[in-house]
Amino acid sequence: MPILAICRGMQILNVALGGTLIVDIPQDHPSNISHQCKDKFQICHSVDILPNTKLNKITGTLRDGVTSSHHQAVEYLALGLVPNALADDGIVEGFEWLDDSDKSPIIAVQWHPERMSNSKLSLPLAIEFLNFAKRFNK
């Protein structure tokens with residue numbers, strides 16, 4: 001079954017697969033980047049989308065702004081996962097399978113695409129996830 005993991009869902013999925021978390025970003029990974037937007041509908045930092053990842057292919061972009069609201073983040077990714085997006089401070093902002101040829105698709109992002117109506121990191125993700133779900137249903 002395809003998975004769209006957003007924010008806490010991304011963190012839980014990573015831990016469920018054997019990864020670890022940064023417990024508190026401000027304390028454990030100090031940065032001048034705020035990962036907690038004051039206005040949940042405004043962009044508060046940018047992410048780099050890694051080239052040649054599934055996320056890059058879905059969105060067609062290498063950098064965009066995001067709205068996020070988290071104080072925890074991925075510390076170490078579970079085996080079999082690779083980052084597909086990073087914040088400027090090195091925080092993993094998204095991940096996917098290294099090899100998904102025998103697995104259900106995963107789209108995992110730390111930001112909130114449901115709050116970003118004018119972003120390349122929103123509608124394309126929703127459309128691709130719906131396409132995954134349609135193929136799964138067949």
# chains A, B, ... in the order shown; residues from 1 in each chain; ligands from 1
$ residues_around --residues "Leu4 in chain A" --least-positions-apart "3" --cutoff "10 Å" --atoms "only C-alpha atoms" --output "PyMOL selection string"
chain A and resi 9-10+105-109+125-126+128-130+132
$ residues_around --residues "Val74 in chain A" --least-positions-apart "2" --cutoff "10 Å" --atoms "only C-alpha atoms" --output "list in words"
Met10, Gln11, Ile12, Asn14, Val15, Gly19, Thr20, Leu21, Ile22, Val23, Ile25, Gln72, Tyr76, Leu77, Ala78, Pro83, Ile91, Val92, Glu93, Gly94, Phe95 and Gln110 of chain A
$ write_last_selection --atoms "N, CA and C atoms" --output "PDB file, in the first residue's frame"
ATOM      1  N   MET A  10       6.298  11.189   8.905  1.00  0.00           N
ATOM      2  CA  MET A  10       7.621  10.882   8.373  1.00  0.00           C
ATOM      3  C   MET A  10       8.533  10.404   9.490  1.00  0.00           C
ATOM      4  N   GLN A  11       8.479  11.071  10.631  1.00  0.00           N
ATOM      5  CA  GLN A  11       9.323  10.702  11.767  1.00  0.00           C
ATOM      6  C   GLN A  11       8.959   9.305  12.278  1.00  0.00           C
ATOM      7  N   ILE A  12       7.665   9.048  12.431  1.00  0.00           N
ATOM      8  CA  ILE A  12       7.208   7.741  12.921  1.00  0.00           C
ATOM      9  C   ILE A  12       7.596   6.638  11.953  1.00  0.00           C
ATOM     10  N   ASN A  14      10.123   6.555   9.846  1.00  0.00           N
ATOM     11  CA  ASN A  14      11.559   6.319   9.954  1.00  0.00           C
ATOM     12  C   ASN A  14      11.884   5.468  11.183  1.00  0.00           C
ATOM     13  N   VAL A  15      11.304   5.795  12.324  1.00  0.00           N
ATOM     14  CA  VAL A  15      11.557   5.030  13.553  1.00  0.00           C
ATOM     15  C   VAL A  15      11.007   3.613  13.429  1.00  0.00           C
ATOM     16  N   GLY A  19      15.072   3.660  12.058  1.00  0.00           N
ATOM     17  CA  GLY A  19      15.854   4.888  12.134  1.00  0.00           C
ATOM     18  C   GLY A  19      15.722   5.560  13.492  1.00  0.00           C
ATOM     19  N   THR A  20      16.373   6.698  13.649  1.00  0.00           N
ATOM     20  CA  THR A  20      16.336   7.438  14.916  1.00  0.00           C
ATOM     21  C   THR A  20      15.941   8.892  14.673  1.00  0.00           C
ATOM     22  N   LEU A  21      15.645   9.582  15.781  1.00  0.00           N
ATOM     23  CA  LEU A  21      15.208  10.981  15.719  1.00  0.00           C
ATOM     24  C   LEU A  21      16.129  11.907  16.489  1.00  0.00           C
ATOM     25  N   ILE A  22      16.231  13.130  16.006  1.00  0.00           N
ATOM     26  CA  ILE A  22      16.741  14.235  16.818  1.00  0.00           C
ATOM     27  C   ILE A  22      15.580  14.597  17.727  1.00  0.00           C
ATOM     28  N   VAL A  23      15.771  14.529  19.031  1.00  0.00           N
ATOM     29  CA  VAL A  23      14.671  14.711  19.976  1.00  0.00           C
ATOM     30  C   VAL A  23      14.184  16.155  20.015  1.00  0.00           C
ATOM     31  N   ILE A  25      15.276  19.769  18.005  1.00  0.00           N
ATOM     32  CA  ILE A  25      16.167  20.471  17.079  1.00  0.00           C
ATOM     33  C   ILE A  25      16.848  21.669  17.737  1.00  0.00           C
ATOM     34  N   GLN A  72      11.215  18.036  16.208  1.00  0.00           N
ATOM     35  CA  GLN A  72      11.985  16.806  16.073  1.00  0.00           C
ATOM     36  C   GLN A  72      12.239  16.562  14.598  1.00  0.00           C
ATOM     37  N   TYR A  76      19.108   9.560  12.086  1.00  0.00           N
ATOM     38  CA  TYR A  76      19.660   8.560  11.168  1.00  0.00           C
ATOM     39  C   TYR A  76      18.501   7.888  10.458  1.00  0.00           C
ATOM     40  N   LEU A  77      18.622   7.809   9.136  1.00  0.00           N
ATOM     41  CA  LEU A  77      17.594   7.131   8.355  1.00  0.00           C
ATOM     42  C   LEU A  77      17.703   5.617   8.539  1.00  0.00           C
ATOM     43  N   ALA A  78      16.553   4.961   8.498  1.00  0.00           N
ATOM     44  CA  ALA A  78      16.508   3.504   8.544  1.00  0.00           C
ATOM     45  C   ALA A  78      17.204   2.942   7.308  1.00  0.00           C
ATOM     46  N   PRO A  83      17.747  10.090   1.753  1.00  0.00           N
ATOM     47  CA  PRO A  83      17.134  11.420   1.774  1.00  0.00           C
ATOM     48  C   PRO A  83      16.836  11.882   0.359  1.00  0.00           C
ATOM     49  N   ILE A  91      19.158  19.252   8.064  1.00  0.00           N
ATOM     50  CA  ILE A  91      18.036  18.434   8.526  1.00  0.00           C
ATOM     51  C   ILE A  91      17.399  17.724   7.330  1.00  0.00           C
ATOM     52  N   VAL A  92      17.149  16.417   7.482  1.00  0.00           N
ATOM     53  CA  VAL A  92      16.478  15.649   6.436  1.00  0.00           C
ATOM     54  C   VAL A  92      15.021  16.103   6.375  1.00  0.00           C
ATOM     55  N   GLU A  93      14.610  16.577   5.217  1.00  0.00           N
ATOM     56  CA  GLU A  93      13.249  17.094   5.026  1.00  0.00           C
ATOM     57  C   GLU A  93      12.377  16.149   4.208  1.00  0.00           C
ATOM     58  N   GLY A  94      12.947  15.067   3.723  1.00  0.00           N
ATOM     59  CA  GLY A  94      12.184  14.079   2.976  1.00  0.00           C
ATOM     60  C   GLY A  94      13.024  12.844   2.748  1.00  0.00           C
ATOM     61  N   PHE A  95      12.349  11.698   2.542  1.00  0.00           N
ATOM     62  CA  PHE A  95      13.082  10.485   2.198  1.00  0.00           C
ATOM     63  C   PHE A  95      12.226   9.580   1.331  1.00  0.00           C
ATOM     64  N   GLN A 110       8.865  16.308   5.499  1.00  0.00           N
ATOM     65  CA  GLN A 110       8.772  16.913   6.829  1.00  0.00           C
ATOM     66  C   GLN A 110       7.875  18.144   6.826  1.00  0.00           C
TER      67      GLN A 110
END
$ residues_around --residues "Lys38 in chain A" --least-positions-apart "6" --cutoff "10 Å" --atoms "only C-alpha atoms" --output "list in words"
Cys44, Thr67, Ser68 and Ser69 of chain A
$ select_by_dssp --residues "range 63-108 of chain A" --states "strand (DSSP E or B)" --output "list in words"
Arg63, Asp64, Gly65, Val66, Ser69, Ala73, Val74, Glu75, Tyr76, Leu81, Val82, Pro83, Asn84, Ala85, Leu86, Ala87, Val92, Glu93, Gly94, Phe95, Glu96, Trp97, Ile106, Ile107 and Ala108 of chain A
$ residues_around --residues "Phe136 in chain A" --least-positions-apart "5" --cutoff "9 Å" --atoms "only C-alpha atoms" --output "list in words"
Met1, Pro2, Ser104 and Asn131 of chain A
$ write_last_selection --atoms "N, CA and C atoms" --output "compact mmCIF listing (two decimals), in the first residue's frame"
# COMPACT_ATOMS: atom_id res chain seq x y z
N MET A 1 0.85 -1.18 0.00
CA MET A 1 0.00 0.00 0.00
C MET A 1 0.90 1.24 0.00
N PRO A 2 0.64 2.21 -0.85
CA PRO A 2 1.44 3.43 -0.87
C PRO A 2 1.27 4.24 0.42
N SER A 104 6.12 -1.08 -1.78
CA SER A 104 5.09 -0.07 -2.03
C SER A 104 5.74 1.31 -2.00
N ASN A 131 -2.13 8.79 -7.82
CA ASN A 131 -1.81 7.82 -8.87
C ASN A 131 -1.28 6.52 -8.28
$ atom_distance --atom1 "CA of His29 in chain A" --atom2 "CA of Val82 in chain A"
20.1 Å
$ select_by_dssp --residues "range 83-123 of chain A" --states "helix (DSSP H, G or I)" --output "list of chain:residue names"
A:Pro113, A:Glu114, A:Arg115, A:Leu123
$ write_last_selection --atoms "C-alpha atoms" --output "compact mmCIF listing (two decimals), in the first residue's frame"
# COMPACT_ATOMS: atom_id res chain seq x y z
CA PRO A 113 2.17 20.29 1.51
CA GLU A 114 -1.52 20.56 2.44
CA ARG A 115 -0.80 24.14 3.59
CA LEU A 123 -0.04 19.58 -5.83
$ atom_distance --atom1 "CA of Pro124 in chain A" --atom2 "CA of Asn56 in chain A"
10.5 Å
$ atom_distance --atom1 "CA of Pro51 in chain A" --atom2 "CA of Ala85 in chain A"
9.3 Å
$ closest_residue --among "A:His71, A:Lys138, A:Lys57, A:Lys120" --to "Cys7 in chain A" --atoms "only C-alpha atoms"
A:His71
$ closest_residue --among "A:Asp48, A:Asn118, A:Gly80, A:Asp88" --to "Ser101 in chain A" --atoms "only C-alpha atoms"
A:Gly80
$ closest_residue --among "A:Thr59, A:Ile6, A:Leu121, A:Asp64" --to "His45 in chain A" --atoms "only C-alpha atoms"
A:Asp64
$ closest_residue --among "A:Leu79, A:Trp97, A:Ser119, A:Gln42" --to "Gly60 in chain A" --atoms "only C-alpha atoms"
A:Ser119
$ closest_residue --among "A:Cys37, A:Leu81, A:Ala16, A:Leu55" --to "Leu98 in chain A" --atoms "only C-alpha atoms"
A:Leu81
